[in-house]
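Asks: Questions regarding the structure given below will be posed in turn.
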Amino acid sequence: MSAIPFFYTDQMLQYNMGPSHPMKPERLRMVKDLLTDYGLFGRSLSLCAPNPAAEDELKGIHTPDFLAALQTCESGQARLDVRKYGLMTTDNPLFEGIYSASLLYTGASLDAAQAVIDGEPAAVNISGGLHHAHAGRAAGFCVLNDCAAAIHRLQRKYRRIAYVDIDVHHGDGVQELFYSDPSVLTLSIHENGRTLYPGTGSSSEIGAGEGEGASVNINIAANANDEIWLKAWRLAAVPILRDYNPEVIVLQMGADAHAHDPLAHLMLSAQGWLKAVQDTINQGKPLVVLGGGGYNLATVTRMWTLATALVAGTRLENAVPSNSAFLKYDTCLLDAEEYHPNVRDFEYAAARTDAFSSELQQDLKDYYHIGRGSQNRMS
Ligand SMILES: [Zn+2]
């Protein structure tokens, strides 16, 4: 396999919502550095400088008034009340360069999409995956919806696109933007909205009009670990992806379902989560890989390093290289073992997640052959 494009520049660190904000831009540099320490660049990965998105590329996604308001915030100060656009809030504070940094993140996703259109088997932008941004407002640390921009670009070539979102939060912004579009399957596996932001993503949200059946939401109960999460994933996501048979897949690989992530309540290990990345790769489709959530610097760096190597077809030694600055965080890429909640929490999470899976099967029964033979695909 030739080297996979990996879009990164240190300018991405300017998307900085402040020292007390959970989203730390240095996670991007840490992933790039760890991939460098493993010697992947020049061999399995090609380090590419991204271009900022052209404003025209945003017009089909975001409303003109939101874009105009955002542009006025470039200095980090608001000249008008922008809170109705989700800006200058606790989740989405203003910072100097907010507009240009958002264009850069979006541009990197557009570049990744274009690389795949041009024939690359995969392309990676870990600064992307900002799935909560809505047409007319920023939300959940996401200013512009780069996922939607990448999908729009892919639509120049492809007629059937799957957006697969393994972030612990529901991919609400992307789902909303393609809710009536049967040419884009949005599939999100996330902690149930009763216990986690943004509160949406129930299995009954299946799309509207011609897009009915093209929005899929796999709900997971709080405290679920690898075993519970992977069972639900393989019961639904894998067969639905196969049935939908997309020409290309956009993978949003949020890493915040990890047990050590501070913002959610799931208990995944890096290796459990990585199986979903492998299942997605195993579909054998061209792949645009985006980042997303991940608020524990050590775990998000390990998980995105592992996933990027997997996408590039390379196996990494579990032990972090002896010259790596990452050693002050962790000595191995994988978790020492799977995480286990106490028995009562496990049984409750397993039963609730099974119930969510049954509801999903019912909600989508006219559209997909969910569940048949899925036990054989467990590993
Ligand atoms: Zn998230």
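Residue numbers start at 1 in each chain; chains themselves are named A, B, ... in the order of the structure tokens; ligands are numbered from 1 in the order shown.
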Select the residues contacting ligand 1 at a distance of at most 9 Å, based on only C-alpha atoms and all ligand atoms, then format the selection as a list in words.
Replies: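 Taking only C-alpha atoms and all ligand atoms into account, the residues around ligand 1 at most 9 Å away are Leu130, His131, His132, Gly140, Ile166, Asp167, Val168, His169, His170, Gly171, His190, Tyr197, Gly254, Ala255, Asp256, Ala257, Leu263, Ala264, Gly292, Gly293, Gly294 and Tyr295 of chain A.
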Asks: Quick one: residues within 8 Å of region 157-160 of chain A, only C-alpha atoms, excluding same-chain residues fewer than 6 positions away - as a list in words?
Replies: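 In the requested form, the answer reads Ile117, Ser183, Val184, Leu185, Asn245, Pro246, Glu247 and Val248 of chain A.
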Asks: Please provide as a VMD selection string all residues within 12 Å of Asp243 (chain A), with the sequence filter that same-chain residues fewer than 6 positions apart are discarded (counting only C-alpha atoms).
Replies: chain A and resid 160 162 185 213 to 214 236 to 237 283 367 to 372
Asks: Just the selected residues (C-alpha atoms), exported as a PDB file, in the first residue's frame, please.
Replies:
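Written out: part_29.pdb:
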ATOM      1  CA  ARG A 160     -23.836   6.356  -1.906  1.00  0.00           C
ATOM      2  CA  ALA A 162     -21.774   6.194   4.598  1.00  0.00           C
ATOM      3  CA  LEU A 185     -26.260   6.960   5.435  1.00  0.00           C
ATOM      4  CA  GLY A 213     -33.901   4.411   6.810  1.00  0.00           C
ATOM      5  CA  ALA A 214     -30.694   6.339   6.109  1.00  0.00           C
ATOM      6  CA  ALA A 236     -26.350  -3.397  13.813  1.00  0.00           C
ATOM      7  CA  ALA A 237     -23.513  -1.346  12.336  1.00  0.00           C
ATOM      8  CA  GLN A 283     -15.786  -3.034   4.441  1.00  0.00           C
ATOM      9  CA  TYR A 367     -34.833  -1.195   5.810  1.00  0.00           C
ATOM     10  CA  TYR A 368     -32.075  -3.543   6.975  1.00  0.00           C
ATOM     11  CA  HIS A 369     -31.472  -7.170   7.826  1.00  0.00           C
ATOM     12  CA  ILE A 370     -30.145  -6.417  11.273  1.00  0.00           C
ATOM     13  CA  GLY A 371     -29.002  -9.210  13.486  1.00  0.00           C
ATOM     14  CA  ARG A 372     -29.168 -12.286  11.239  1.00  0.00           C
TER      15      ARG A 372
END
Asks: Using the chain letters and numbers from this document, which residues of region 160-204 of chain A does DSSP assign to helix (DSSP H, G or I), as a VMD selection string?
Replies: chain A and resid 172 to 177
Asks: Name the residues of region 11-244 of chain A that fall into strand (DSSP E) according to DSSP on the backbone, using the chain letters and numbers of this document, as a PyMOL selection string.
Replies: chain A and resi 45-48+122-125+161-165+184-191+215-220
Asks: Just give me the gap between CA of Asp181 (chain A) and CA of His152 (chain A) in Å, one decimal is fine.
Replies: 11.5 Å
Asks: Report as number ranges by chain all protein, DNA and RNA residues lying within 12 Å of Pro93 (chain A), evaluated on only C-alpha atoms, omitting residues in the same chain fewer than 3 positions from it.
Replies: A: 15-23, 70, 73-74, 76-78, 82-83, 85-90, 96-98, 138-143
Asks: I'd like the neighbourhood of Leu47 (chain A) as a PyMOL selection string, where a residue qualifies if any of its atoms comes within 12 Å (using only C-alpha atoms), though same-chain residues fewer than 4 positions away should be ignored.
Replies: chain A and resi 3-10+32-33+35-36+39-43+108+112+123-125
